[in-house]
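Peer 1: Dropping in target.cif, which is mmCIF, C-alpha atoms and all ligand atoms:
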data_coords
#
loop_
_atom_site.label_atom_id
_atom_site.label_comp_id
_atom_site.auth_asym_id
_atom_site.auth_seq_id
_atom_site.Cartn_x
_atom_site.Cartn_y
_atom_site.Cartn_z
CA MET A 1 -10.75 10.87 2.74
CA THR A 2 -11.81 12.29 -0.60
CA TRP A 3 -9.57 11.52 -3.59
CA GLN A 4 -9.15 14.86 -5.35
CA ALA A 5 -8.89 15.15 -9.13
CA THR A 6 -7.84 18.58 -10.39
CA VAL A 7 -8.04 19.17 -14.15
CA LEU A 8 -6.45 22.09 -16.00
CA THR A 9 -8.36 22.46 -19.27
CA LEU A 10 -9.80 24.87 -21.83
CA PHE A 11 -13.02 22.80 -21.75
CA PRO A 12 -14.12 22.54 -18.11
CA ASP A 13 -17.63 21.47 -19.19
CA MET A 14 -16.20 18.13 -20.35
CA PHE A 15 -15.79 17.12 -16.66
CA PRO A 16 -16.85 14.93 -14.92
CA GLY A 17 -18.51 13.81 -18.20
CA HIS A 18 -19.44 10.14 -18.18
CA LEU A 19 -17.82 9.82 -14.75
CA GLY A 20 -20.88 11.57 -13.31
CA GLN A 21 -22.80 8.36 -13.99
CA SER A 22 -22.85 4.71 -13.00
CA LEU A 23 -20.14 3.42 -10.63
CA ALA A 24 -17.94 6.54 -10.67
CA GLY A 25 -21.01 8.82 -10.47
CA ARG A 26 -22.26 7.08 -7.33
CA ALA A 27 -18.79 7.35 -5.82
CA LEU A 28 -18.76 11.06 -6.72
CA ASP A 29 -22.17 11.56 -5.06
CA ASN A 30 -20.91 9.68 -1.99
CA GLY A 31 -17.84 11.92 -1.67
CA LEU A 32 -15.31 9.14 -2.32
CA TRP A 33 -13.73 11.37 -4.94
CA SER A 34 -14.19 14.88 -6.24
CA CYS A 35 -13.44 16.56 -9.58
CA ARG A 36 -12.37 20.18 -9.74
CA THR A 37 -11.48 22.02 -12.94
CA GLU A 38 -9.28 25.05 -13.52
CA ASP A 39 -10.21 26.87 -16.73
CA MET A 40 -6.93 27.86 -18.39
CA ARG A 41 -8.76 30.50 -20.44
CA LEU A 42 -9.20 32.55 -17.25
CA HIS A 43 -5.41 32.86 -17.15
CA GLY A 44 -5.06 33.89 -20.81
CA LEU A 45 -3.44 37.16 -21.79
CA GLY A 46 -4.92 40.39 -23.07
CA ARG A 47 -8.41 41.32 -24.18
CA HIS A 48 -8.80 37.98 -25.98
CA ARG A 49 -7.40 35.93 -23.11
CA ALA A 50 -4.89 34.29 -25.46
CA VAL A 51 -3.52 31.01 -24.12
CA ASP A 52 -1.39 29.97 -27.10
CA ASP A 53 1.14 31.33 -29.57
CA THR A 54 3.02 30.22 -32.68
CA PRO A 55 5.90 27.74 -32.24
CA PHE A 56 9.47 29.03 -32.15
CA GLY A 57 11.29 27.48 -35.10
CA GLY A 58 8.17 27.55 -37.21
CA GLY A 59 5.74 24.81 -38.14
CA ALA A 60 2.03 24.19 -38.06
CA GLY A 61 -0.30 24.76 -35.13
CA MET A 62 -0.13 26.66 -31.88
CA VAL A 63 1.54 25.95 -28.55
CA ILE A 64 0.09 26.71 -25.10
CA ARG A 65 2.21 29.32 -23.30
CA PRO A 66 4.18 28.30 -20.20
CA ASP A 67 3.14 31.39 -18.20
CA VAL A 68 -0.54 30.60 -18.78
CA VAL A 69 -0.13 26.98 -17.65
CA ASP A 70 1.86 28.13 -14.61
CA ALA A 71 -0.80 30.65 -13.57
CA ALA A 72 -3.49 27.97 -13.87
CA LEU A 73 -1.34 25.56 -11.84
CA ALA A 74 -0.90 28.13 -9.07
CA ALA A 75 -4.63 28.96 -9.04
CA SER A 76 -5.67 25.31 -8.94
CA GLN A 77 -4.30 24.92 -5.40
CA ALA A 78 -3.65 21.22 -5.99
CA GLY A 79 -1.63 19.62 -3.21
CA ALA A 80 2.15 19.39 -3.62
CA ASP A 81 1.84 15.66 -2.82
CA VAL A 82 -0.26 14.66 -5.85
CA PRO A 83 1.20 13.32 -9.12
CA ARG A 84 1.13 15.97 -11.86
CA ILE A 85 0.37 14.49 -15.25
CA TYR A 86 0.35 16.02 -18.72
CA LEU A 87 -1.70 13.93 -21.17
CA THR A 88 0.07 13.72 -24.52
CA PRO A 89 0.63 11.13 -27.26
CA ARG A 90 4.37 11.84 -26.68
CA GLY A 91 4.14 10.45 -23.14
CA ARG A 92 5.09 7.14 -21.58
CA PRO A 93 2.24 4.63 -22.08
CA LEU A 94 -0.21 4.49 -19.16
CA SER A 95 -0.18 1.11 -17.40
CA GLN A 96 -2.31 -0.50 -14.68
CA ARG A 97 0.75 -0.13 -12.43
CA ASP A 98 0.65 3.68 -12.90
CA VAL A 99 -3.10 3.64 -12.28
CA ARG A 100 -2.59 1.82 -8.96
CA ARG A 101 0.04 4.40 -7.95
CA TYR A 102 -2.25 7.32 -8.83
CA ALA A 103 -5.23 5.76 -7.04
CA ALA A 104 -3.07 5.29 -3.92
CA SER A 105 -2.11 9.01 -3.95
CA PRO A 106 -4.32 11.71 -2.37
CA GLY A 107 -5.43 12.58 -5.92
CA VAL A 108 -4.02 13.67 -9.28
CA LEU A 109 -3.50 16.88 -11.18
CA LEU A 110 -4.14 16.52 -14.92
CA LEU A 111 -3.08 19.00 -17.57
CA CYS A 112 -5.01 18.72 -20.84
CA GLY A 113 -3.44 20.14 -23.98
CA ARG A 114 -5.06 21.21 -27.21
CA PHE A 115 -3.41 22.44 -30.40
CA GLU A 116 0.17 21.22 -30.98
CA GLY A 117 0.91 20.95 -27.28
CA VAL A 118 2.34 22.79 -24.30
CA ASP A 119 5.66 24.65 -23.99
CA GLU A 120 8.16 22.04 -22.74
CA ARG A 121 9.74 24.34 -20.12
CA VAL A 122 6.72 24.48 -17.81
CA LEU A 123 6.48 20.67 -17.88
CA GLU A 124 10.13 20.38 -16.77
CA ALA A 125 10.06 23.26 -14.29
CA ARG A 126 6.87 22.15 -12.54
CA GLY A 127 7.56 18.41 -12.58
CA LEU A 128 4.78 17.11 -14.85
CA GLU A 129 4.97 13.45 -15.93
CA GLN A 130 4.08 13.01 -19.60
CA VAL A 131 1.59 10.17 -20.10
CA SER A 132 -0.12 8.74 -23.20
CA ILE A 133 -3.20 6.50 -23.18
CA GLY A 134 -2.27 4.81 -26.46
CA ASP A 135 -0.64 5.08 -29.85
CA TYR A 136 -3.24 7.23 -31.57
CA VAL A 137 -3.84 10.97 -31.59
CA LEU A 138 -6.89 12.52 -29.93
CA SER A 139 -8.02 16.09 -30.59
CA GLY A 140 -7.15 17.01 -27.01
CA GLY A 141 -6.08 15.63 -23.66
CA GLU A 142 -9.57 15.81 -22.11
CA THR A 143 -10.82 12.40 -23.25
CA ALA A 144 -7.46 10.90 -22.21
CA ALA A 145 -7.86 12.53 -18.77
CA LEU A 146 -11.34 10.98 -18.45
CA VAL A 147 -9.89 7.56 -19.31
CA LEU A 148 -7.17 7.93 -16.66
CA LEU A 149 -9.68 9.10 -14.04
CA ASP A 150 -12.06 6.23 -14.84
CA ALA A 151 -9.25 3.71 -14.31
CA CYS A 152 -8.25 5.34 -10.99
CA VAL A 153 -11.70 5.87 -9.52
CA ARG A 154 -12.76 2.23 -9.86
CA LEU A 155 -9.78 1.28 -7.66
CA LEU A 156 -10.62 3.70 -4.81
CA PRO A 157 -11.64 1.97 -1.57
CA GLY A 158 -15.41 1.55 -1.40
CA VAL A 159 -16.07 2.24 -5.09
CA MET A 160 -16.26 -1.32 -6.41
CA GLY A 161 -18.03 -4.24 -4.77
CA SER A 162 -15.63 -6.90 -3.47
CA GLU A 163 -17.04 -9.29 -6.10
CA ASP A 164 -15.39 -7.29 -8.88
CA SER A 165 -11.97 -6.75 -7.35
CA GLY A 166 -10.64 -10.05 -8.67
CA VAL A 167 -10.91 -8.77 -12.24
CA GLU A 168 -8.21 -6.24 -11.51
CA GLU A 169 -5.99 -8.94 -9.99
CA SER A 170 -6.31 -11.07 -13.08
CA PHE A 171 -4.98 -8.29 -15.32
CA SER A 172 -2.15 -7.54 -12.93
CA GLU A 173 -1.05 -11.18 -13.31
CA GLY A 174 -0.15 -10.08 -16.83
CA LEU A 175 -2.61 -12.15 -18.88
CA LEU A 176 -5.74 -11.06 -20.71
CA GLU A 177 -8.91 -12.44 -19.18
CA TYR A 178 -10.65 -15.66 -20.25
CA PRO A 179 -14.02 -15.35 -22.11
CA HIS A 180 -17.34 -15.08 -20.25
CA TYR A 181 -20.71 -16.78 -20.87
CA THR A 182 -24.17 -16.58 -19.33
CA ARG A 183 -27.71 -17.88 -20.06
CA PRO A 184 -29.10 -19.11 -22.36
CA ALA A 185 -26.84 -22.21 -22.52
CA GLU A 186 -27.55 -22.34 -26.25
CA TRP A 187 -27.98 -19.20 -28.31
CA ASP A 188 -28.20 -18.78 -32.09
CA GLY A 189 -27.03 -22.36 -32.55
CA ARG A 190 -23.98 -21.79 -30.31
CA ALA A 191 -23.46 -23.76 -27.11
CA VAL A 192 -21.57 -22.58 -24.04
CA PRO A 193 -18.36 -24.66 -23.56
CA ASP A 194 -19.45 -27.89 -21.80
CA ILE A 195 -16.83 -27.61 -19.09
CA LEU A 196 -18.50 -24.48 -17.68
CA LEU A 197 -21.69 -26.49 -17.02
CA SER A 198 -19.80 -29.40 -15.40
CA GLY A 199 -19.71 -28.05 -11.87
CA ASN A 200 -16.06 -29.20 -11.67
CA HIS A 201 -14.43 -26.06 -10.26
CA ALA A 202 -10.83 -27.25 -10.61
CA ALA A 203 -11.39 -28.19 -14.26
CA ILE A 204 -13.11 -24.85 -14.91
CA ALA A 205 -10.21 -22.93 -13.35
CA ALA A 206 -7.72 -24.90 -15.49
CA TRP A 207 -9.78 -24.24 -18.64
CA ARG A 208 -9.98 -20.53 -17.89
CA GLN A 209 -6.23 -20.35 -17.30
CA ALA A 210 -5.55 -22.14 -20.62
CA GLN A 211 -7.94 -19.75 -22.43
CA ALA A 212 -6.28 -16.71 -20.85
CA GLU A 213 -2.86 -17.95 -21.99
CA GLU A 214 -4.09 -18.77 -25.52
CA ILE A 215 -5.79 -15.40 -25.99
CA THR A 216 -2.80 -13.49 -24.62
CA ARG A 217 -0.39 -15.38 -26.91
CA GLU A 218 -2.59 -14.63 -29.94
CA ARG A 219 -3.56 -11.03 -29.26
CA ARG A 220 -0.68 -9.63 -27.24
CA PRO A 221 2.68 -11.21 -28.04
CA ASP A 222 4.29 -8.42 -25.96
CA LEU A 223 2.40 -9.39 -22.78
CA TRP A 224 2.89 -13.08 -23.57
CA SER A 225 6.70 -12.90 -23.71
CA ALA A 226 6.79 -10.79 -20.54
CA TRP A 227 4.60 -13.40 -18.84
CA LEU A 228 6.82 -16.28 -20.04
CA ASP A 229 9.92 -14.47 -18.76
CA ARG A 230 8.32 -13.92 -15.37
CA ARG A 231 7.15 -17.55 -15.18
CA GLU A 232 10.68 -18.72 -15.93
CA LYS A 233 12.24 -16.44 -13.31
CA THR A 234 9.79 -17.35 -10.56
CA GLY A 235 9.92 -21.03 -11.53
CA LEU A 236 6.12 -21.39 -11.63
N1 LIG B 301 -3.74 13.82 -26.33
C1 LIG B 301 -3.91 13.55 -27.63
N2 LIG B 301 -3.74 12.25 -27.88
C2 LIG B 301 -3.43 11.66 -26.69
C3 LIG B 301 -3.13 10.34 -26.29
N3 LIG B 301 -3.09 9.32 -27.15
N4 LIG B 301 -2.87 10.11 -25.00
C4 LIG B 301 -2.88 11.13 -24.12
N5 LIG B 301 -3.15 12.40 -24.43
C5 LIG B 301 -3.44 12.67 -25.70
#
Would you put the structure from the file into structure tokens?
Peer 2:
Amino acid sequence: MTWQATVLTLFPDMFPGHLGQSLAGRALDNGLWSCRTEDMRLHGLGRHRAVDDTPFGGGAGMVIRPDVVDAALAASQAGADVPRIYLTPRGRPLSQRDVRRYAASPGVLLLCGRFEGVDERVLEARGLEQVSIGDYVLSGGETAALVLLDACVRLLPGVMGSEDSGVEESFSEGLLEYPHYTRPAEWDGRAVPDILLSGNHAAIAAWRQAQAEEITRERRPDLWSAWLDRREKTGL
């Protein structure tokens, strides 16, 4: 079955973007997923097809009208059974857990905002989850939508070789991954850690685990404390 992405946007030409290439591009060509856009401009009002208006209460910028979003939603014909997601820096942070849920759905519907945002009422009335891809502000939701789609598509059955699937498991354990090395064994005066050349698989696994813990503790104290809590609870 084809996983169906539906994107409501003012910039339909931005899709599938980089997802037309490499792993996701092959999967697209093979019909494992499909990307459909609904141009919100087509649902704009009047001779100029206006999609936005000034904010009630005053302030800078423009807000996308709820009636325009609703018309685009209706026209998109996205299934009632797919998660509806509005990409916004005001959203709940996207996690790998969300990505797994979206990838396990029949598809997703993504609403991309521009300007100051979208009228809150249509988000409430039509059940859109608000999701952010990180604590920084992009010029629009389109690049965030591409990020979310990239993360979902690589999890679809048949997209990734079985050799890569372990990578995903390692992140879902809650630690950052250990560092990687390949040939040459010495480069620019730097040697690969001896243990990796030892052929001792148990020792290598222990070293990698220790590295993963060290790096997580250093770089992501938030993930590290969550991991410690979980280890305590499960008694591992
Ligand atoms: N739109 C603008 N910035 C965004 C972000 N950080 N995440 C999701 N959508 C956005």
Peer 1: Any idea what's packed within 10 Å of A:Arg65, counting only C-alpha atoms, ignoring anything in its chain fewer than 2 positions away? Could you give it as a PyMOL selection string?
Peer 2: chain A and resi 44-45+50-55+62-63+67-70+117-122
Peer 1: Selected residues, C-alpha atoms, written as a PDB file, keeping the file's coordinate frame, please.
Peer 2:
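The resulting selection.pdb:
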ATOM      1  CA  GLY A  44      -5.060  33.890 -20.810  1.00  0.00           C
ATOM      2  CA  LEU A  45      -3.440  37.160 -21.790  1.00  0.00           C
ATOM      3  CA  ALA A  50      -4.890  34.290 -25.460  1.00  0.00           C
ATOM      4  CA  VAL A  51      -3.520  31.010 -24.120  1.00  0.00           C
ATOM      5  CA  ASP A  52      -1.390  29.970 -27.100  1.00  0.00           C
ATOM      6  CA  ASP A  53       1.140  31.330 -29.570  1.00  0.00           C
ATOM      7  CA  THR A  54       3.020  30.220 -32.680  1.00  0.00           C
ATOM      8  CA  PRO A  55       5.900  27.740 -32.240  1.00  0.00           C
ATOM      9  CA  MET A  62      -0.130  26.660 -31.880  1.00  0.00           C
ATOM     10  CA  VAL A  63       1.540  25.950 -28.550  1.00  0.00           C
ATOM     11  CA  ASP A  67       3.140  31.390 -18.200  1.00  0.00           C
ATOM     12  CA  VAL A  68      -0.540  30.600 -18.780  1.00  0.00           C
ATOM     13  CA  VAL A  69      -0.130  26.980 -17.650  1.00  0.00           C
ATOM     14  CA  ASP A  70       1.860  28.130 -14.610  1.00  0.00           C
ATOM     15  CA  GLY A 117       0.910  20.950 -27.280  1.00  0.00           C
ATOM     16  CA  VAL A 118       2.340  22.790 -24.300  1.00  0.00           C
ATOM     17  CA  ASP A 119       5.660  24.650 -23.990  1.00  0.00           C
ATOM     18  CA  GLU A 120       8.160  22.040 -22.740  1.00  0.00           C
ATOM     19  CA  ARG A 121       9.740  24.340 -20.120  1.00  0.00           C
ATOM     20  CA  VAL A 122       6.720  24.480 -17.810  1.00  0.00           C
TER      21      VAL A 122
END
Peer 1: Of the residues A:Asp29, A:Glu124, A:Asp98, A:Asp135, which is the one nearest to ligand LIG 301 (chain B), using all atoms listed in the file?
Peer 2: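 Residue with the minimum atom-to-atom distance to ligand LIG 301 (chain B): A:Asp135.
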Peer 1: Select from chain A every residue with an atom at most 12 Å from any atom of ligand LIG 301 (chain B), then for each give the shortest pair of atoms and their distance in Å to one decimal, using all atoms listed in the file, rows by chain and rising number, as a tab-separated table.
Peer 2:
residue	atom	partner	partner_atom	distance
A:Ile85	CA	B:LIG301	C4	10.0
A:Tyr86	CA	B:LIG301	N5	7.6
A:Leu87	CA	B:LIG301	N5	3.9
A:Thr88	CA	B:LIG301	N5	3.5
A:Pro89	CA	B:LIG301	C3	4.0
A:Arg90	CA	B:LIG301	N4	7.6
A:Gly91	CA	B:LIG301	C4	7.1
A:Arg92	CA	B:LIG301	N4	9.2
A:Pro93	CA	B:LIG301	N4	8.0
A:Leu94	CA	B:LIG301	N4	8.5
A:Leu110	CA	B:LIG301	N5	10.4
A:Leu111	CA	B:LIG301	N5	9.5
A:Cys112	CA	B:LIG301	N1	7.5
A:Gly113	CA	B:LIG301	N1	6.7
A:Arg114	CA	B:LIG301	N1	7.6
A:Phe115	CA	B:LIG301	C1	9.3
A:Glu116	CA	B:LIG301	C1	9.3
A:Gly117	CA	B:LIG301	N1	8.6
A:Val118	CA	B:LIG301	N1	11.0
A:Glu129	CA	B:LIG301	C4	11.6
A:Gln130	CA	B:LIG301	C4	8.5
A:Val131	CA	B:LIG301	C4	6.1
A:Ser132	CA	B:LIG301	N4	3.6
A:Ile133	CA	B:LIG301	N4	4.1
A:Gly134	CA	B:LIG301	N3	4.6
A:Asp135	CA	B:LIG301	N3	5.6
A:Tyr136	CA	B:LIG301	N3	4.9
A:Val137	CA	B:LIG301	N2	3.9
A:Leu138	CA	B:LIG301	N2	3.8
A:Ser139	CA	B:LIG301	C1	5.7
A:Gly140	CA	B:LIG301	N1	4.7
A:Gly141	CA	B:LIG301	N1	4.0
A:Glu142	CA	B:LIG301	N1	7.5
A:Thr143	CA	B:LIG301	N5	7.8
A:Ala144	CA	B:LIG301	C4	5.0
A:Ala145	CA	B:LIG301	N5	7.4
A:Leu146	CA	B:LIG301	C4	10.2
A:Val147	CA	B:LIG301	C4	9.2
A:Leu148	CA	B:LIG301	C4	9.2
Peer 1: For stretch 105-109 of chain A, find every residue with an atom within 10 Å (counting all atoms listed in the file), except residues of its own chain fewer than 4 positions away, and show them as number ranges by chain.
Peer 2: A: 1-8, 33-37, 73, 76-86, 99-101, 128, 145, 148-149, 152-153
Peer 1: Go ahead and write the residues just picked, C-alpha atoms, as a short mmCIF file (atom, residue, chain, number, x, y, z; two decimals), in the coordinates of the input.
Peer 2:
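Everything below was put into selection.cif:
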data_model
loop_
_atom_site.label_atom_id
_atom_site.label_comp_id
_atom_site.auth_asym_id
_atom_site.auth_seq_id
_atom_site.Cartn_x
_atom_site.Cartn_y
_atom_site.Cartn_z
CA MET A 1 -10.75 10.87 2.74
CA THR A 2 -11.81 12.29 -0.60
CA TRP A 3 -9.57 11.52 -3.59
CA GLN A 4 -9.15 14.86 -5.35
CA ALA A 5 -8.89 15.15 -9.13
CA THR A 6 -7.84 18.58 -10.39
CA VAL A 7 -8.04 19.17 -14.15
CA LEU A 8 -6.45 22.09 -16.00
CA TRP A 33 -13.73 11.37 -4.94
CA SER A 34 -14.19 14.88 -6.24
CA CYS A 35 -13.44 16.56 -9.58
CA ARG A 36 -12.37 20.18 -9.74
CA THR A 37 -11.48 22.02 -12.94
CA LEU A 73 -1.34 25.56 -11.84
CA SER A 76 -5.67 25.31 -8.94
CA GLN A 77 -4.30 24.92 -5.40
CA ALA A 78 -3.65 21.22 -5.99
CA GLY A 79 -1.63 19.62 -3.21
CA ALA A 80 2.15 19.39 -3.62
CA ASP A 81 1.84 15.66 -2.82
CA VAL A 82 -0.26 14.66 -5.85
CA PRO A 83 1.20 13.32 -9.12
CA ARG A 84 1.13 15.97 -11.86
CA ILE A 85 0.37 14.49 -15.25
CA TYR A 86 0.35 16.02 -18.72
CA VAL A 99 -3.10 3.64 -12.28
CA ARG A 100 -2.59 1.82 -8.96
CA ARG A 101 0.04 4.40 -7.95
CA LEU A 128 4.78 17.11 -14.85
CA ALA A 145 -7.86 12.53 -18.77
CA LEU A 148 -7.17 7.93 -16.66
CA LEU A 149 -9.68 9.10 -14.04
CA CYS A 152 -8.25 5.34 -10.99
CA VAL A 153 -11.70 5.87 -9.52
#
Peer 1: Just give me the gap between atom CA of A:Leu123 and atom CA of A:Gly20 in Å, one decimal is fine.
Peer 2: 29.2 Å
Peer 1: Using only C-alpha atoms, can you tell me which of A:Leu175, A:Met160, A:Met14, A:Leu197 comes closest to A:Arg219?
Peer 2: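 Among the listed residues, A:Leu175 lies closest to A:Arg219.
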Peer 1: How far is it from atom CA of A:His48 to atom CA of A:Gly127, in Å with one decimal?
Peer 2: 28.8 Å
Peer 1: Record the distance separating atom CA of A:Glu214 and atom CA of A:Pro179, expressed in Å with one decimal.
Peer 2: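 Here the two named atoms are 11.0 Å from each other.
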Peer 1: Find, counting all atoms listed in the file, the residue in A:Leu196, A:Asp222, A:Asn30, A:Pro157 that gets nearest to A:Ala103.
Peer 2: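 The closest residue to A:Ala103 is A:Pro157.
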Peer 1: Taking all atoms listed in the file into account, which of A:Trp224, A:Ala210, A:Gly158, A:Asp150 comes nearest A:Leu19?
Peer 2: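 Under the stated criterion, the closest residue is A:Asp150.
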